[in-house]
Amino acid sequence: MALTLAGMKAIAFDIKSPDEKLVVNVDKSKSGRITYMVTLDGDTIIKKSPLGFNSNLGAYDRTESIIAHDIKSIDETYKLDRIKKSEINFKANEAVLDFITPDGRKWGVTFIVSDNDIAFRYNVEKYKGTGSIYIDSENTGFCFPKGTTTFLSPQSDPMIGWKRTKPSYEEEYLADAPMDTPSKYGHGYTFPCLFKIGDKGWALVSETDVDSYYCASHLSDYKLGGMYTIDYPMPGENNGNGNAGAAMALPGKTPWRTITVGRDLAPIVETTIPWDVVEPRYESEHDYKYGRGTWSWILWQDDSINLDDLKKYVDLAKAMGYEYVLVDNWWDNNIGRDRLPELVEYARERGVDVFMWYSSSGYWNDIEQGPINYMDNPIVRKREMRWLRDLGVKGIKVDFFGGDKQETMRLYEAILSDADDNGLMVIFHGCTLPRGWERMYPNYVGSEAVLASENIYFDQHFCDEEAFNATLHPFIRNTVGCMEFGGCFMNKRMSRGNDKGNRRVTSDVFELATTILFQNPIQNFALAPNNLKDAPEVCMDFLRDVPTTWDETRFIAGYPGKYVVLARRHADKWYIAGVNATAAPIEVQLTQGTKGQTIIVYSDNENGEPVRNEVVIGKKAPKLKMNPRGGFVVVLDAADI
Ligand code: CA
């Protein structure tokens, strides 16, 4: 950190990580344009890239001078009970850089740099008494070196798909694609975006701290020279309602944009930057409890939304020792509001609590599945939530949002805030990526924002791609936010009865491994009542005990799109899980555990059937083989591994 430059005019300015290896260099061109670049131990990760934005007060992209101030070290410890880690120590260096446009408008950028993460945001001052601004676009760029390859999910067209509900972060990834590969829809890519910088390392670009005061953004298509820029929502999102830019009061700050950088994938998997730089938006007086749930809709679909079937799923939850049952769409019609208390009471008598589904709509899509039009209006929403609270319902799942505009971000925040007033947890589906929300909103418990388990039910293609996708999420989607995937099928066939429909091609132990690899504090598993009789007992026993909250997460091995092995700790138990998406077996040499220690190993036998073995560690920990579309889980008692 160049402390001597504090409060002084400088031509260029370096912000270095505490270990001084990760360096952000901010500079200005002869014409005053502001740029930044990123190096790791001298290797270029991001080439000289533009900063700045355009607004109804004019362009903010130049300066006469760079003035650095408020340079400080951050050393903060905080607790968070629903992400990959429970106690986080965040060490970083921070610097605020002030700029001034040629016509005298003051702005700037704050950079926070830890050993593997960069967060930056713009600051805008009042200008001649103007107390508000409308920002319509950004120059903010991420220019990667030649040879960089990409692991990206495209932004979809607006108002396409089921009942015109897209975009909803439900698009397929391309892995290791050259930068100049055209995006599927021509609208760039949704966060987070993973880049492999040749043999120099990895960079994950994302965004956090987005609330009702801003829109959510994404990356543009590739531009000449290796450049991607920040793009705002498309005007057509939300059925054209609401601005595509962002309005804020002055002085104001934009959300943080983040770049996680590593020589290997450990910093990508283990990053906590989405939560390190945000603050809780409100305190809750409620004590929220996480856990596992059963979910009738995933295999029995709309037909299961009736009292008889849902009672069977309550019974399944009780038999598994699960905390929740999720009641999906059409309950208002097919059960009825007057008979809902009977279901909630039936569940409560069996020690199971209830989540209820709602559509977010609204005037922005064609959804007919009820209940509709309860979440968009504050008067109706508050009345409904009080009713849910009085019934003893513990949470809601709100589906089918209108995109990434600021107007929709306001809706997310309003739902969360009103729900907390009534002790309700909130899961979002058909939705945007959460951006720091686990720390910002005490009752937020997860988002879909992924091609989730429903696609495995719907389409054989997604059964065939299940392993490929599972090896991407721990490195990309799930590393920056809770992911409500709704997975772990024990059915071999995607139907009630387990005798027809699409065919699961992964092994049973693969499915168990995903319960560890995929992280969400409440996991609604894709089990069905028949699995109590037709699924291997060894799997059902594992699923009775599997935790959903974690104290620590470590990257062990893997490559996105090929295989992944992670370790997660819950209290004093480590769960090491791996899955293989390649066509050949992969052997993993365990190094965890101590000599003489007994560990439990779940693996596929030669017929692909699940086996549980107690293994005593000898001179060396065992080698574990992962079959194609197979996996393993190791459970061991240890404070550390
Ligand atoms: Ca969905």
# chains A, B, ... in the order shown; residues from 1 in each chain; ligands from 1
>>> select_by_dssp(residues="region 383-413 of chain A", states="strand (DSSP E)", output="list in words")
Gly395, Ile396, Lys397, Val398 and Asp399 of chain A
>>> residues_near_ligand(ligand="ligand 1", cutoff="7 Å", atoms="only C-alpha atoms and all ligand atoms", output="list in words")
His429, Gly430, Glu448, Leu451, Ala452 and Glu454 of chain A
>>> residues_around(residues="region 136-148 of chain A", least_positions_apart="2", cutoff="8 Å", atoms="only C-alpha atoms", output="mmCIF file with N, CA and C atoms, in the first residue's frame")
data_model
loop_
_atom_site.group_PDB
_atom_site.id
_atom_site.type_symbol
_atom_site.label_atom_id
_atom_site.label_comp_id
_atom_site.auth_asym_id
_atom_site.auth_seq_id
_atom_site.Cartn_x
_atom_site.Cartn_y
_atom_site.Cartn_z
ATOM 1 N N THR A 44 -0.445 -10.714 -15.504
ATOM 2 C CA THR A 44 -1.644 -9.948 -15.792
ATOM 3 C C THR A 44 -2.883 -10.841 -15.739
ATOM 4 N N ILE A 45 -3.836 -10.462 -14.929
ATOM 5 C CA ILE A 45 -5.113 -11.177 -14.843
ATOM 6 C C ILE A 45 -6.175 -10.385 -15.609
ATOM 7 N N ILE A 46 -6.217 -9.075 -15.369
ATOM 8 C CA ILE A 46 -7.096 -8.194 -16.142
ATOM 9 C C ILE A 46 -6.241 -7.076 -16.706
ATOM 10 N N LYS A 47 -6.289 -6.939 -18.029
ATOM 11 C CA LYS A 47 -5.518 -5.902 -18.709
ATOM 12 C C LYS A 47 -6.164 -4.546 -18.434
ATOM 13 N N LYS A 48 -5.487 -3.505 -18.832
ATOM 14 C CA LYS A 48 -6.010 -2.146 -18.653
ATOM 15 C C LYS A 48 -7.459 -2.083 -19.131
ATOM 16 N N SER A 49 -8.387 -1.748 -18.239
ATOM 17 C CA SER A 49 -9.825 -1.780 -18.544
ATOM 18 C C SER A 49 -10.473 -0.499 -18.055
ATOM 19 N N PRO A 50 -11.524 -0.062 -18.745
ATOM 20 C CA PRO A 50 -12.122 1.227 -18.400
ATOM 21 C C PRO A 50 -12.979 1.189 -17.138
ATOM 22 N N LEU A 51 -13.042 2.314 -16.453
ATOM 23 C CA LEU A 51 -13.986 2.541 -15.365
ATOM 24 C C LEU A 51 -14.870 3.715 -15.768
ATOM 25 N N GLY A 52 -16.038 3.825 -15.136
ATOM 26 C CA GLY A 52 -16.904 4.965 -15.398
ATOM 27 C C GLY A 52 -18.289 4.562 -15.840
ATOM 28 N N PHE A 53 -19.154 5.572 -15.951
ATOM 29 C CA PHE A 53 -20.560 5.318 -16.299
ATOM 30 C C PHE A 53 -21.171 6.572 -16.907
ATOM 31 N N ASN A 54 -22.369 6.401 -17.443
ATOM 32 C CA ASN A 54 -23.060 7.509 -18.117
ATOM 33 C C ASN A 54 -24.389 7.775 -17.434
ATOM 34 N N SER A 55 -24.724 9.056 -17.285
ATOM 35 C CA SER A 55 -25.914 9.398 -16.503
ATOM 36 C C SER A 55 -26.616 10.615 -17.093
ATOM 37 N N ASN A 56 -27.763 10.938 -16.494
ATOM 38 C CA ASN A 56 -28.469 12.137 -16.941
ATOM 39 C C ASN A 56 -27.802 13.418 -16.445
ATOM 40 N N ASP A 61 -16.393 9.518 -16.576
ATOM 41 C CA ASP A 61 -15.354 8.579 -17.007
ATOM 42 C C ASP A 61 -13.967 9.224 -17.057
ATOM 43 N N TYR A 134 -29.724 9.465 -12.530
ATOM 44 C CA TYR A 134 -30.162 8.265 -13.239
ATOM 45 C C TYR A 134 -28.991 7.772 -14.082
ATOM 46 N N THR A 150 -13.543 -19.394 -21.208
ATOM 47 C CA THR A 150 -14.683 -18.919 -20.430
ATOM 48 C C THR A 150 -15.615 -20.055 -20.015
ATOM 49 N N PRO A 178 -13.616 -20.525 -26.041
ATOM 50 C CA PRO A 178 -12.816 -19.331 -26.355
ATOM 51 C C PRO A 178 -13.642 -18.059 -26.150
ATOM 52 N N MET A 179 -12.934 -16.959 -25.864
ATOM 53 C CA MET A 179 -13.643 -15.717 -25.533
ATOM 54 C C MET A 179 -14.541 -15.223 -26.668
ATOM 55 N N PHE A 195 -13.538 -17.256 -15.621
ATOM 56 C CA PHE A 195 -12.553 -17.169 -16.692
ATOM 57 C C PHE A 195 -11.289 -17.923 -16.284
ATOM 58 N N LYS A 196 -10.727 -18.660 -17.233
ATOM 59 C CA LYS A 196 -9.438 -19.333 -17.000
ATOM 60 C C LYS A 196 -8.383 -18.570 -17.782
ATOM 61 N N ILE A 197 -7.444 -17.979 -17.047
ATOM 62 C CA ILE A 197 -6.453 -17.094 -17.675
ATOM 63 C C ILE A 197 -5.272 -17.964 -18.118
ATOM 64 N N GLY A 198 -5.466 -18.779 -19.147
ATOM 65 C CA GLY A 198 -4.413 -19.688 -19.609
ATOM 66 C C GLY A 198 -3.871 -20.509 -18.457
ATOM 67 N N GLY A 225 -10.618 -7.310 -28.500
ATOM 68 C CA GLY A 225 -9.531 -7.071 -27.563
ATOM 69 C C GLY A 225 -9.697 -7.822 -26.259
ATOM 70 N N GLY A 226 -10.746 -8.659 -26.155
ATOM 71 C CA GLY A 226 -10.916 -9.465 -24.941
ATOM 72 C C GLY A 226 -11.743 -8.793 -23.870
ATOM 73 N N MET A 227 -12.525 -7.794 -24.252
ATOM 74 C CA MET A 227 -13.250 -6.978 -23.282
ATOM 75 C C MET A 227 -14.689 -7.437 -23.081
ATOM 76 N N TYR A 228 -15.084 -7.508 -21.810
ATOM 77 C CA TYR A 228 -16.496 -7.637 -21.442
ATOM 78 C C TYR A 228 -16.818 -6.413 -20.599
ATOM 79 N N THR A 229 -18.008 -5.854 -20.753
ATOM 80 C CA THR A 229 -18.371 -4.691 -19.941
ATOM 81 C C THR A 229 -19.638 -4.978 -19.139
ATOM 82 N N ILE A 230 -19.855 -4.147 -18.118
ATOM 83 C CA ILE A 230 -21.087 -4.263 -17.312
ATOM 84 C C ILE A 230 -22.266 -3.803 -18.167
ATOM 85 N N ASP A 231 -23.268 -4.674 -18.264
ATOM 86 C CA ASP A 231 -24.505 -4.319 -18.962
ATOM 87 C C ASP A 231 -25.659 -4.292 -17.964
ATOM 88 N N TYR A 232 -26.596 -3.384 -18.190
ATOM 89 C CA TYR A 232 -27.788 -3.284 -17.348
ATOM 90 C C TYR A 232 -28.905 -4.143 -17.948
ATOM 91 N N ALA A 244 -34.580 0.547 -17.264
ATOM 92 C CA ALA A 244 -33.510 -0.443 -17.416
ATOM 93 C C ALA A 244 -32.232 0.013 -16.715
ATOM 94 N N GLY A 245 -32.153 1.257 -16.321
ATOM 95 C CA GLY A 245 -30.977 1.765 -15.608
ATOM 96 C C GLY A 245 -31.232 1.819 -14.110
ATOM 97 N N ALA A 246 -30.451 2.672 -13.438
ATOM 98 C CA ALA A 246 -30.545 2.729 -11.982
ATOM 99 C C ALA A 246 -30.673 4.172 -11.522
#
>>> residues_around(residues="Asp328 (chain A)", least_positions_apart="3", cutoff="12 Å", atoms="only C-alpha atoms", output="VMD selection string")
chain A and resid 294 to 306 309 to 310 313 325 331 to 335 354 to 359 369 to 371 396 to 399 429 524
>>> atom_distance(atom1="CA of Leu204 (chain A)", atom2="CA of Gly186 (chain A)")
21.0 Å
>>> residues_around(residues="region 262-275 of chain A", least_positions_apart="3", cutoff="7 Å", atoms="only C-alpha atoms", output="PDB file with N, CA, C and O atoms, in the first residue's frame")
ATOM      1  N   ASN A 116      -7.205 -12.697  -2.313  1.00  0.00           N
ATOM      2  CA  ASN A 116      -7.742 -13.321  -3.522  1.00  0.00           C
ATOM      3  C   ASN A 116      -8.999 -12.660  -4.080  1.00  0.00           C
ATOM      4  O   ASN A 116      -9.626 -13.221  -4.982  1.00  0.00           O
ATOM      5  N   ASP A 117      -9.382 -11.515  -3.516  1.00  0.00           N
ATOM      6  CA  ASP A 117     -10.619 -10.881  -3.982  1.00  0.00           C
ATOM      7  C   ASP A 117     -10.444  -9.387  -4.155  1.00  0.00           C
ATOM      8  O   ASP A 117      -9.725  -8.751  -3.383  1.00  0.00           O
ATOM      9  N   LYS A 200      -2.131 -19.143 -16.072  1.00  0.00           N
ATOM     10  CA  LYS A 200      -1.816 -18.183 -15.005  1.00  0.00           C
ATOM     11  C   LYS A 200      -2.780 -18.264 -13.831  1.00  0.00           C
ATOM     12  O   LYS A 200      -2.458 -17.830 -12.723  1.00  0.00           O
ATOM     13  N   GLY A 201      -4.003 -18.754 -14.079  1.00  0.00           N
ATOM     14  CA  GLY A 201      -4.944 -18.828 -12.965  1.00  0.00           C
ATOM     15  C   GLY A 201      -6.378 -18.657 -13.401  1.00  0.00           C
ATOM     16  O   GLY A 201      -6.715 -18.860 -14.580  1.00  0.00           O
ATOM     17  N   TRP A 202      -7.214 -18.288 -12.444  1.00  0.00           N
ATOM     18  CA  TRP A 202      -8.661 -18.200 -12.650  1.00  0.00           C
ATOM     19  C   TRP A 202      -9.175 -16.870 -12.128  1.00  0.00           C
ATOM     20  O   TRP A 202      -8.615 -16.312 -11.182  1.00  0.00           O
ATOM     21  N   ALA A 203     -10.264 -16.384 -12.724  1.00  0.00           N
ATOM     22  CA  ALA A 203     -10.919 -15.177 -12.216  1.00  0.00           C
ATOM     23  C   ALA A 203     -12.420 -15.362 -12.298  1.00  0.00           C
ATOM     24  O   ALA A 203     -12.948 -15.809 -13.321  1.00  0.00           O
ATOM     25  N   LEU A 204     -13.105 -15.053 -11.211  1.00  0.00           N
ATOM     26  CA  LEU A 204     -14.570 -15.131 -11.155  1.00  0.00           C
ATOM     27  C   LEU A 204     -15.108 -13.720 -10.969  1.00  0.00           C
ATOM     28  O   LEU A 204     -14.776 -13.049  -9.981  1.00  0.00           O
ATOM     29  N   THR A 208     -22.218  -7.860  -5.880  1.00  0.00           N
ATOM     30  CA  THR A 208     -22.906  -8.049  -4.601  1.00  0.00           C
ATOM     31  C   THR A 208     -23.419  -6.707  -4.092  1.00  0.00           C
ATOM     32  O   THR A 208     -23.100  -5.660  -4.649  1.00  0.00           O
ATOM     33  N   VAL A 278     -20.779  -6.474   2.540  1.00  0.00           N
ATOM     34  CA  VAL A 278     -22.162  -5.983   2.683  1.00  0.00           C
ATOM     35  C   VAL A 278     -22.543  -5.927   4.160  1.00  0.00           C
ATOM     36  O   VAL A 278     -21.900  -6.540   5.005  1.00  0.00           O
ATOM     37  N   ARG A 435     -27.417 -11.528  -4.412  1.00  0.00           N
ATOM     38  CA  ARG A 435     -26.173 -10.733  -4.429  1.00  0.00           C
ATOM     39  C   ARG A 435     -25.875 -10.222  -3.027  1.00  0.00           C
ATOM     40  O   ARG A 435     -26.188  -9.083  -2.696  1.00  0.00           O
ATOM     41  N   GLY A 436     -25.301 -11.121  -2.217  1.00  0.00           N
ATOM     42  CA  GLY A 436     -24.979 -10.778  -0.826  1.00  0.00           C
ATOM     43  C   GLY A 436     -26.161 -10.913   0.111  1.00  0.00           C
ATOM     44  O   GLY A 436     -26.069 -10.554   1.291  1.00  0.00           O
ATOM     45  N   ARG A 439     -26.376 -12.264   3.929  1.00  0.00           N
ATOM     46  CA  ARG A 439     -25.985 -11.401   5.046  1.00  0.00           C
ATOM     47  C   ARG A 439     -26.881 -10.168   5.141  1.00  0.00           C
ATOM     48  O   ARG A 439     -27.081  -9.616   6.223  1.00  0.00           O
ATOM     49  N   PRO A 474     -20.374 -25.856  -8.050  1.00  0.00           N
ATOM     50  CA  PRO A 474     -19.535 -25.482  -6.896  1.00  0.00           C
ATOM     51  C   PRO A 474     -18.488 -24.410  -7.233  1.00  0.00           C
ATOM     52  O   PRO A 474     -18.023 -23.700  -6.354  1.00  0.00           O
ATOM     53  N   PHE A 475     -18.129 -24.294  -8.520  1.00  0.00           N
ATOM     54  CA  PHE A 475     -17.129 -23.305  -8.940  1.00  0.00           C
ATOM     55  C   PHE A 475     -17.767 -21.990  -9.392  1.00  0.00           C
ATOM     56  O   PHE A 475     -17.071 -20.984  -9.518  1.00  0.00           O
ATOM     57  N   THR A 479     -20.996 -20.813  -5.662  1.00  0.00           N
ATOM     58  CA  THR A 479     -19.935 -20.284  -4.807  1.00  0.00           C
ATOM     59  C   THR A 479     -20.222 -18.844  -4.373  1.00  0.00           C
ATOM     60  O   THR A 479     -19.694 -18.386  -3.369  1.00  0.00           O
ATOM     61  N   VAL A 480     -21.091 -18.133  -5.099  1.00  0.00           N
ATOM     62  CA  VAL A 480     -21.404 -16.751  -4.706  1.00  0.00           C
ATOM     63  C   VAL A 480     -22.775 -16.609  -4.050  1.00  0.00           C
ATOM     64  O   VAL A 480     -23.152 -15.504  -3.657  1.00  0.00           O
ATOM     65  N   THR A 553     -15.639 -24.798   4.292  1.00  0.00           N
ATOM     66  CA  THR A 553     -15.666 -25.439   2.973  1.00  0.00           C
ATOM     67  C   THR A 553     -14.262 -25.380   2.382  1.00  0.00           C
ATOM     68  O   THR A 553     -13.607 -24.332   2.439  1.00  0.00           O
ATOM     69  N   ARG A 554     -13.797 -26.497   1.840  1.00  0.00           N
ATOM     70  CA  ARG A 554     -12.473 -26.529   1.213  1.00  0.00           C
ATOM     71  C   ARG A 554     -12.550 -27.172  -0.164  1.00  0.00           C
ATOM     72  O   ARG A 554     -13.220 -28.188  -0.348  1.00  0.00           O
ATOM     73  N   PHE A 555     -11.821 -26.589  -1.080  1.00  0.00           N
ATOM     74  CA  PHE A 555     -11.629 -27.212  -2.387  1.00  0.00           C
ATOM     75  C   PHE A 555     -10.576 -28.308  -2.246  1.00  0.00           C
ATOM     76  O   PHE A 555      -9.507 -28.076  -1.681  1.00  0.00           O
TER      77      PHE A 555
END
>>> closest_residue(among="A:Pro280, A:Gly561, A:Gly403, A:Pro18", to="Lys166 (chain A)", atoms="only C-alpha atoms")
A:Gly403
>>> closest_residue(among="A:Ile556, A:Leu250, A:Met234, A:Ile66", to="Gly129 (chain A)", atoms="only C-alpha atoms")
A:Leu250
>>> closest_residue(among="A:Thr582, A:Gly487, A:Pro610, A:Tyr282", to="Cys539 (chain A)", atoms="only C-alpha atoms")
A:Pro610
>>> closest_residue(among="A:Asn329, A:Thr594, A:Asn25, A:Thr506", to="Phe462 (chain A)", atoms="only C-alpha atoms")
A:Thr506
>>> residues_around(residues="Ser447 (chain A)", least_positions_apart="6", cutoff="10 Å", atoms="only C-alpha atoms", output="list in words")
Lys397, Val398, Asp399, Val426, Ile427, Phe428, His429, Gly430, Cys431, Thr432, Leu433, Pro434, Trp437, Asn478, Gly481, Cys482, Met483, Glu484, Phe485 and Asn520 of chain A
>>> closest_residue(among="A:Tyr322, A:Trp387, A:Tyr189, A:Phe400", to="Pro341 (chain A)", atoms="only C-alpha atoms")
A:Trp387
